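Asker: File name entry-v2.pdb; file contents PDB, C-alpha atoms and all ligand atoms; full text below.
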ATOM      1  CA  MET A   1      -6.835  41.249   9.705
ATOM      2  CA  ILE A   2      -3.515  41.083  11.544
ATOM      3  CA  ASN A   3      -2.706  44.650  10.606
ATOM      4  CA  LYS A   4      -6.005  45.762  12.084
ATOM      5  CA  VAL A   5      -5.918  43.726  15.230
ATOM      6  CA  PHE A   6      -2.331  44.273  16.238
ATOM      7  CA  PRO A   7      -2.466  48.061  16.728
ATOM      8  CA  THR A   8      -5.636  47.681  18.759
ATOM      9  CA  ILE A   9      -4.019  45.261  21.148
ATOM     10  CA  PHE A  10      -0.885  47.365  21.299
ATOM     11  CA  LEU A  11      -2.798  50.562  22.091
ATOM     12  CA  PHE A  12      -4.906  48.832  24.682
ATOM     13  CA  GLY A  13      -1.789  47.538  26.361
ATOM     14  CA  VAL A  14      -0.182  50.972  26.484
ATOM     15  CA  ALA A  15      -3.379  52.576  27.693
ATOM     16  CA  ALA A  16      -3.820  49.961  30.381
ATOM     17  CA  LEU A  17      -0.332  50.691  31.680
ATOM     18  CA  PHE A  18      -1.291  54.261  32.390
ATOM     19  CA  ALA A  19      -4.986  53.857  33.063
ATOM     20  CA  CYS A  20      -4.886  53.014  36.784
ATOM     21  CA  GLY A  21      -8.629  53.220  37.095
ATOM     22  CA  ASP A  22      -9.021  56.467  35.176
ATOM     23  CA  GLU A  23     -12.226  56.058  33.225
ATOM     24  CA  ASN A  24     -11.542  58.900  30.802
ATOM     25  CA  THR A  25      -8.700  57.400  28.822
ATOM     26  CA  GLY A  26     -10.789  56.035  25.992
ATOM     27  CA  VAL A  27      -9.972  52.504  27.046
ATOM     28  CA  PRO A  28     -12.852  50.065  26.453
ATOM     29  CA  GLN A  29     -15.442  49.942  29.231
ATOM     30  CA  ASN A  30     -14.593  48.067  32.392
ATOM     31  CA  PRO A  31     -10.923  47.531  31.576
ATOM     32  CA  ASP A  32     -10.144  46.919  35.243
ATOM     33  CA  GLY A  33     -12.512  44.044  35.774
ATOM     34  CA  ASN A  34      -9.642  41.845  36.817
ATOM     35  CA  ASN A  35      -8.480  44.394  39.353
ATOM     36  CA  ASN A  36     -11.620  44.225  41.440
ATOM     37  CA  GLY A  37     -10.283  41.419  43.557
ATOM     38  CA  LEU A  38      -6.933  43.148  43.834
ATOM     39  CA  GLY A  39      -8.560  46.353  45.043
ATOM     40  CA  CYS A  40     -10.601  44.524  47.675
ATOM     41  CA  THR A  41      -7.558  42.631  48.849
ATOM     42  CA  ALA A  42      -5.752  45.906  49.399
ATOM     43  CA  CYS A  43      -8.496  47.317  51.634
ATOM     44  CA  SER A  44      -8.158  46.949  55.380
ATOM     45  CA  GLY A  45      -9.378  48.463  58.620
ATOM     46  CA  GLU A  46     -12.752  50.170  58.410
ATOM     47  CA  THR A  47     -12.817  50.220  54.631
ATOM     48  CA  VAL A  48     -14.399  48.236  51.839
ATOM     49  CA  CYS A  49     -13.768  48.091  48.107
ATOM     50  CA  VAL A  50     -16.025  50.544  46.272
ATOM     51  CA  GLU A  51     -15.576  50.945  42.523
ATOM     52  CA  ASN A  52     -12.062  49.585  42.767
ATOM     53  CA  ALA A  53     -10.901  51.826  45.586
ATOM     54  CA  CYS A  54     -10.922  51.497  49.354
ATOM     55  CA  ALA A  55     -13.632  53.628  50.934
ATOM     56  CA  ASP A  56     -15.207  54.036  54.355
ATOM     57  CA  ALA A  57     -17.221  50.961  55.241
ATOM     58  CA  PHE A  58     -19.660  52.863  57.453
ATOM     59  CA  PRO A  59     -22.128  54.323  57.058
ATOM     60  CA  ARG A  60     -22.870  52.759  53.691
ATOM     61  CA  PHE A  61     -25.663  51.028  51.792
ATOM     62  CA  TYR A  62     -25.247  47.297  51.319
ATOM     63  CA  MET A  63     -27.209  44.528  49.664
ATOM     64  CA  ILE A  64     -27.855  41.393  51.693
ATOM     65  CA  THR A  65     -28.795  38.227  49.869
ATOM     66  CA  VAL A  66     -30.039  35.041  51.492
ATOM     67  CA  GLU A  67     -29.405  32.581  48.707
ATOM     68  CA  SER A  68     -30.697  29.464  50.412
ATOM     69  CA  VAL A  69     -31.688  27.775  53.647
ATOM     70  CA  THR A  70     -31.971  24.139  54.644
ATOM     71  CA  PHE A  71     -33.691  22.356  57.538
ATOM     72  CA  PRO A  72     -32.774  19.033  59.128
ATOM     73  CA  THR A  73     -35.324  16.253  58.650
ATOM     74  CA  MET A  74     -36.407  16.497  62.289
ATOM     75  CA  LYS A  75     -36.291  19.074  65.041
ATOM     76  CA  ALA A  76     -33.357  18.899  67.450
ATOM     77  CA  ASN A  77     -35.495  16.970  69.945
ATOM     78  CA  GLY A  78     -36.476  14.398  67.318
ATOM     79  CA  ASP A  79     -40.006  15.709  66.851
ATOM     80  CA  CYS A  80     -41.607  16.410  63.511
ATOM     81  CA  TRP A  81     -41.651  20.033  62.386
ATOM     82  CA  ASP A  82     -45.419  20.246  62.193
ATOM     83  CA  GLU A  83     -48.213  18.179  63.654
ATOM     84  CA  PRO A  84     -50.537  16.583  62.899
ATOM     85  CA  GLY A  85     -49.194  14.569  60.031
ATOM     86  CA  CYS A  86     -45.479  15.138  60.622
ATOM     87  CA  GLY A  87     -45.471  18.032  58.160
ATOM     88  CA  ALA A  88     -42.381  19.623  56.647
ATOM     89  CA  PRO A  89     -41.272  23.021  57.953
ATOM     90  CA  ASP A  90     -42.382  26.335  56.501
ATOM     91  CA  PRO A  91     -39.267  28.398  55.819
ATOM     92  CA  GLN A  92     -39.194  32.005  56.894
ATOM     93  CA  VAL A  93     -36.137  34.227  57.199
ATOM     94  CA  THR A  94     -36.051  37.365  59.302
ATOM     95  CA  ILE A  95     -33.255  39.903  58.962
ATOM     96  CA  LYS A  96     -32.701  42.218  61.904
ATOM     97  CA  LEU A  97     -30.410  45.227  62.049
ATOM     98  CA  ASN A  98     -29.773  46.502  65.577
ATOM     99  CA  ASP A  99     -32.806  44.536  66.785
ATOM    100  CA  ASN A 100     -35.093  46.128  64.183
ATOM    101  CA  LYS A 101     -36.654  43.836  61.644
ATOM    102  CA  ILE A 102     -35.647  45.129  58.211
ATOM    103  CA  ALA A 103     -36.835  42.216  56.108
ATOM    104  CA  GLU A 104     -38.927  39.085  56.247
ATOM    105  CA  LEU A 105     -38.455  36.551  53.493
ATOM    106  CA  ASP A 106     -41.217  34.052  52.916
ATOM    107  CA  THR A 107     -41.640  31.219  50.520
ATOM    108  CA  ASP A 108     -43.975  28.304  49.897
ATOM    109  CA  ASP A 109     -44.884  26.113  52.864
ATOM    110  CA  ASP A 110     -43.720  22.595  53.605
ATOM    111  CA  MET A 111     -40.183  22.640  52.280
ATOM    112  CA  PHE A 112     -36.917  21.463  53.800
ATOM    113  CA  SER A 113     -34.963  23.910  51.649
ATOM    114  CA  ALA A 114     -35.730  27.224  50.036
ATOM    115  CA  THR A 115     -34.120  29.937  47.960
ATOM    116  CA  PHE A 116     -34.736  33.668  48.101
ATOM    117  CA  PRO A 117     -33.840  35.611  44.967
ATOM    118  CA  ASP A 118     -34.467  39.124  46.323
ATOM    119  CA  ALA A 119     -31.633  41.194  47.755
ATOM    120  CA  ILE A 120     -32.317  43.349  50.794
ATOM    121  CA  GLU A 121     -30.963  46.876  50.916
ATOM    122  CA  ALA A 122     -29.653  48.071  54.259
ATOM    123  CA  GLN A 123     -27.809  51.148  55.426
ATOM    124  CA  ILE A 124     -25.282  49.990  57.973
ATOM    125  CA  ILE A 125     -23.438  52.122  60.495
ATOM    126  CA  ALA A 126     -20.331  51.163  62.438
ATOM    127  CA  GLY A 127     -20.881  48.791  65.339
ATOM    128  CA  SER A 128     -24.190  47.437  64.058
ATOM    129  CA  LYS A 129     -25.611  44.072  64.996
ATOM    130  CA  LEU A 130     -26.902  41.992  62.095
ATOM    131  CA  GLU A 131     -28.982  38.859  62.567
ATOM    132  CA  ILE A 132     -30.275  36.501  59.911
ATOM    133  CA  ALA A 133     -32.740  34.103  61.480
ATOM    134  CA  LEU A 134     -34.303  30.992  60.011
ATOM    135  CA  GLU A 135     -37.652  29.885  61.411
ATOM    136  CA  ASP A 136     -40.341  27.344  60.809
ATOM    137  CA  GLU A 137     -43.325  29.630  60.403
ATOM    138  CA  ASP A 138     -46.169  28.289  62.497
ATOM    139  CA  ILE A 139     -49.612  29.753  63.037
ATOM    140  CA  ILE A 140     -49.125  30.376  66.741
ATOM    141  CA  ASP A 141     -45.433  30.433  67.637
ATOM    142  CA  SER A 142     -42.862  30.227  64.905
ATOM    143  CA  GLU A 143     -39.983  27.964  65.841
ATOM    144  CA  GLU A 144     -36.478  29.348  65.749
ATOM    145  CA  VAL A 145     -34.101  27.044  63.950
ATOM    146  CA  LEU A 146     -30.849  28.889  63.332
ATOM    147  CA  THR A 147     -29.591  32.473  63.565
ATOM    148  CA  CYS A 148     -26.435  33.890  61.997
ATOM    149  CA  THR A 149     -25.407  36.732  64.308
ATOM    150  CA  TYR A 150     -22.755  39.338  63.577
ATOM    151  CA  ASN A 151     -22.300  41.626  66.558
ATOM    152  CA  PRO A 152     -20.844  43.830  65.446
ATOM    153  CA  LEU A 153     -20.831  43.344  61.703
ATOM    154  CA  THR A 154     -17.229  44.304  60.927
ATOM    155  CA  ALA A 155     -15.721  45.777  57.793
ATOM    156  CA  ASP A 156     -13.527  42.688  57.677
ATOM    157  CA  LYS A 157     -16.626  40.475  57.544
ATOM    158  CA  ILE A 158     -18.162  42.655  54.836
ATOM    159  CA  ARG A 159     -14.994  42.454  52.740
ATOM    160  CA  ASN A 160     -15.189  38.696  53.095
ATOM    161  CA  GLY A 161     -18.819  38.942  51.983
ATOM    162  CA  ASP A 162     -19.957  35.600  53.370
ATOM    163  CA  LEU A 163     -22.700  35.759  56.014
ATOM    164  CA  SER A 164     -23.462  32.045  55.963
ATOM    165  CA  CYS A 165     -23.710  29.893  59.059
ATOM    166  CA  SER A 166     -24.884  26.435  60.014
ATOM    167  CA  GLY A 167     -25.802  24.478  63.097
ATOM    168  CA  ALA A 168     -28.195  21.879  64.468
ATOM    169  CA  GLY A 169     -28.432  20.364  61.002
ATOM    170  CA  ALA A 170     -29.698  23.601  59.465
ATOM    171  CA  SER A 171     -27.874  26.048  57.234
ATOM    172  CA  ILE A 172     -28.211  29.593  55.990
ATOM    173  CA  THR A 173     -26.283  30.703  52.923
ATOM    174  CA  ALA A 174     -26.104  34.486  52.765
ATOM    175  CA  HIS A 175     -23.886  37.221  51.407
ATOM    176  CA  ILE A 176     -23.359  40.939  51.682
ATOM    177  CA  ALA A 177     -22.023  43.303  49.036
ATOM    178  CA  VAL A 178     -21.654  47.019  48.507
ATOM    179  CA  ARG A 179     -24.818  48.310  46.846
ATOM    180  CA  GLY A 180     -24.276  48.662  43.138
ATOM    181  CA  SER A 181     -21.225  46.401  43.007
ATOM    182  CA  GLN A 182     -20.976  43.422  40.709
ATOM    183  CA  PRO A 183     -21.626  40.116  42.484
TER
HETATM  184 CA    CA B   1     -43.643  23.813  63.374
HETATM  185 CA    CA B   2     -45.552  22.938  57.551
END
Have the structure of the file written as structure tokens, please.
Ligand SMILES: [Ca+2]
Ligand SMILES: [Ca+2]
Answerer:
Amino acid sequence: MINKVFPTIFLFGVAALFACGDENTGVPQNPDGNNNGLGCTACSGETVCVENACADAFPRFYMITVESVTFPTMKANGDCWDEPGCGAPDPQVTIKLNDNKIAELDTDDDMFSATFPDAIEAQIIAGSKLEIALEDEDIIDSEEVLTCTYNPLTADKIRNGDLSCSGAGASITAHIAVRGSQP
């Protein structure tokens, strides 16, 4: 076994030395998995890490994920979320890009926290405003609870990837990633 394994490791090591992201060297698939972070760290200015290289951040397709939201037990003024019966809030998330609604995420009613598994695709140009708003969905007027606003959404923020914000006892956990990239 040693005689079989050793040359494989040796060859892989030599190949990796010269690979530098070249995918046609016969090296096993995804040999640069550990370099993803390194590549993104190296990017700056108006660039993001795309397939292990720095590339223009805008315009580009991104995936926005709102992993979870939470409500405080009461509204800021101490009132119940819904009357009669002091009902729990009904989570709804609206994503706006340059004041245009690009997604509305709904879930079951009467919950103080919710998760949203679907990722939203968005083409983002330089200088765009992105808003992720959490509301209690009411029949007449939905109540705004918390909005994460990025105006503009910068390449630096995208490289960071974290779009979360919190306030008034509520929280939104959200992320952005280059479309097609590994989370
Ligand atoms: Ca309400
Ligand atoms: Ca309710």
Asker: At most 12 Å from (-13.1, 51.8, 57.3), file frame, all atoms listed in the file: which residues, as a CSV table (one decimal) with C-alpha atoms, in the coordinates of the input?
Answerer:
chain,number,residue,atom,x,y,z
A,43,CYS,CA,-8.5,47.3,51.6
A,44,SER,CA,-8.2,46.9,55.4
A,45,GLY,CA,-9.4,48.5,58.6
A,46,GLU,CA,-12.8,50.2,58.4
A,47,THR,CA,-12.8,50.2,54.6
A,48,VAL,CA,-14.4,48.2,51.8
A,49,CYS,CA,-13.8,48.1,48.1
A,50,VAL,CA,-16.0,50.5,46.3
A,53,ALA,CA,-10.9,51.8,45.6
A,54,CYS,CA,-10.9,51.5,49.4
A,55,ALA,CA,-13.6,53.6,50.9
A,56,ASP,CA,-15.2,54.0,54.4
A,57,ALA,CA,-17.2,51.0,55.2
A,58,PHE,CA,-19.7,52.9,57.5
A,59,PRO,CA,-22.1,54.3,57.1
A,60,ARG,CA,-22.9,52.8,53.7
A,125,ILE,CA,-23.4,52.1,60.5
A,126,ALA,CA,-20.3,51.2,62.4
A,127,GLY,CA,-20.9,48.8,65.3
A,154,THR,CA,-17.2,44.3,60.9
A,155,ALA,CA,-15.7,45.8,57.8
A,156,ASP,CA,-13.5,42.7,57.7
A,157,LYS,CA,-16.6,40.5,57.5
A,158,ILE,CA,-18.2,42.7,54.8
A,159,ARG,CA,-15.0,42.5,52.7
Asker: Listed atoms of range 158-177 of chain A, axis-aligned box, 3 Å per side: centre and edge lengths to one decimal in Å, as JSON?
Answerer:
{"center_x": -22.3, "center_y": 31.8, "center_z": 56.8, "size_x": 20.7, "size_y": 28.9, "size_z": 21.4}
Asker: Written as a ChimeraX atom specification, which residues does the PyMOL selection byres (((not hetatm)) within 12 of (chain B and resi 1)) give for the file shown?
Answerer: /A:71,74-75,79-92,109-112,135-145
Asker: Work out how far CA of Phe61 in chain A is from CA of Gly167 in chain A, in Å to one decimal.
Answerer: 28.9 Å
Asker: Looking at A:Thr107, A:Ser164, A:Thr94, A:Ser68, which one is nearest to ligand CA 2 (chain B), with distances taken over all atoms listed in the file?
Answerer: A:Thr107
Asker: May I ask for the distance between CA of Thr65 in chain A and CA of Ile102 in chain A, given in Å to one decimal place?
Answerer: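 The value is 12.8 Å.
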Asker: Can you tell me, as JSON, numbers by chain, which residues sit within 6 Å of (-22.7, 41.3, 53.1) in the file's frame, using all atoms listed in the file?
Answerer: {"A": [64, 158, 161, 175, 176, 177]}
Asker: Could you tell me how far CA of Lys101 in chain A sits from CA of Ser128 in chain A, in Å to one decimal place?
Answerer: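 It comes out at 13.2 Å.
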Asker: I want to know what sits within 8 Å of Val66 in chain A, based on only C-alpha atoms, with residues of the same chain fewer than 5 positions away left out; could you give that as a VMD selection string?
Answerer: chain A and resid 115 to 119 172 to 175
Asker: Would you mind exporting C-alpha atoms of the selected residues as an mmCIF file, keeping the file's coordinate frame?
Answerer:
data_model
loop_
_atom_site.group_PDB
_atom_site.id
_atom_site.type_symbol
_atom_site.label_atom_id
_atom_site.label_comp_id
_atom_site.auth_asym_id
_atom_site.auth_seq_id
_atom_site.Cartn_x
_atom_site.Cartn_y
_atom_site.Cartn_z
ATOM 1 C CA THR A 115 -34.120 29.937 47.960
ATOM 2 C CA PHE A 116 -34.736 33.668 48.101
ATOM 3 C CA PRO A 117 -33.840 35.611 44.967
ATOM 4 C CA ASP A 118 -34.467 39.124 46.323
ATOM 5 C CA ALA A 119 -31.633 41.194 47.755
ATOM 6 C CA ILE A 172 -28.211 29.593 55.990
ATOM 7 C CA THR A 173 -26.283 30.703 52.923
ATOM 8 C CA ALA A 174 -26.104 34.486 52.765
ATOM 9 C CA HIS A 175 -23.886 37.221 51.407
#
Asker: Neighbouring residues of Cys148 in chain A were defined as those with any atom within 6 Å, considering all atoms listed in the file; residues of the same chain fewer than 4 positions away were excluded. Please report them as a ChimeraX atom specification.
Answerer: /A:131-132,165
Asker: Given all atoms listed in the file as the basis, pick out the residue of A:Gln123, A:Asn151, A:Ser113, A:Thr41 nearest to Met63 in chain A.
Answerer: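 Going through A:Gln123, A:Asn151, A:Ser113, A:Thr41 one by one, the smallest distance to Met63 in chain A is for A:Gln123.
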Asker: Between A:Ala103, A:Thr70, A:Asp108, A:Glu51, which residue has the minimum interatomic distance to ligand CA 2 (chain B), considering only C-alpha atoms and all ligand atoms?
Answerer: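 The shortest atom-to-atom distance to ligand CA 2 (chain B) comes from A:Asp108.
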Asker: Identify, on the basis of all atoms listed in the file, every residue whose closest approach to Tyr62 in chain A does not exceed 6 Å; exclude the query and any residue fewer than 2 positions from it along the same chain; express the result as a count of residues only.
Answerer: 5
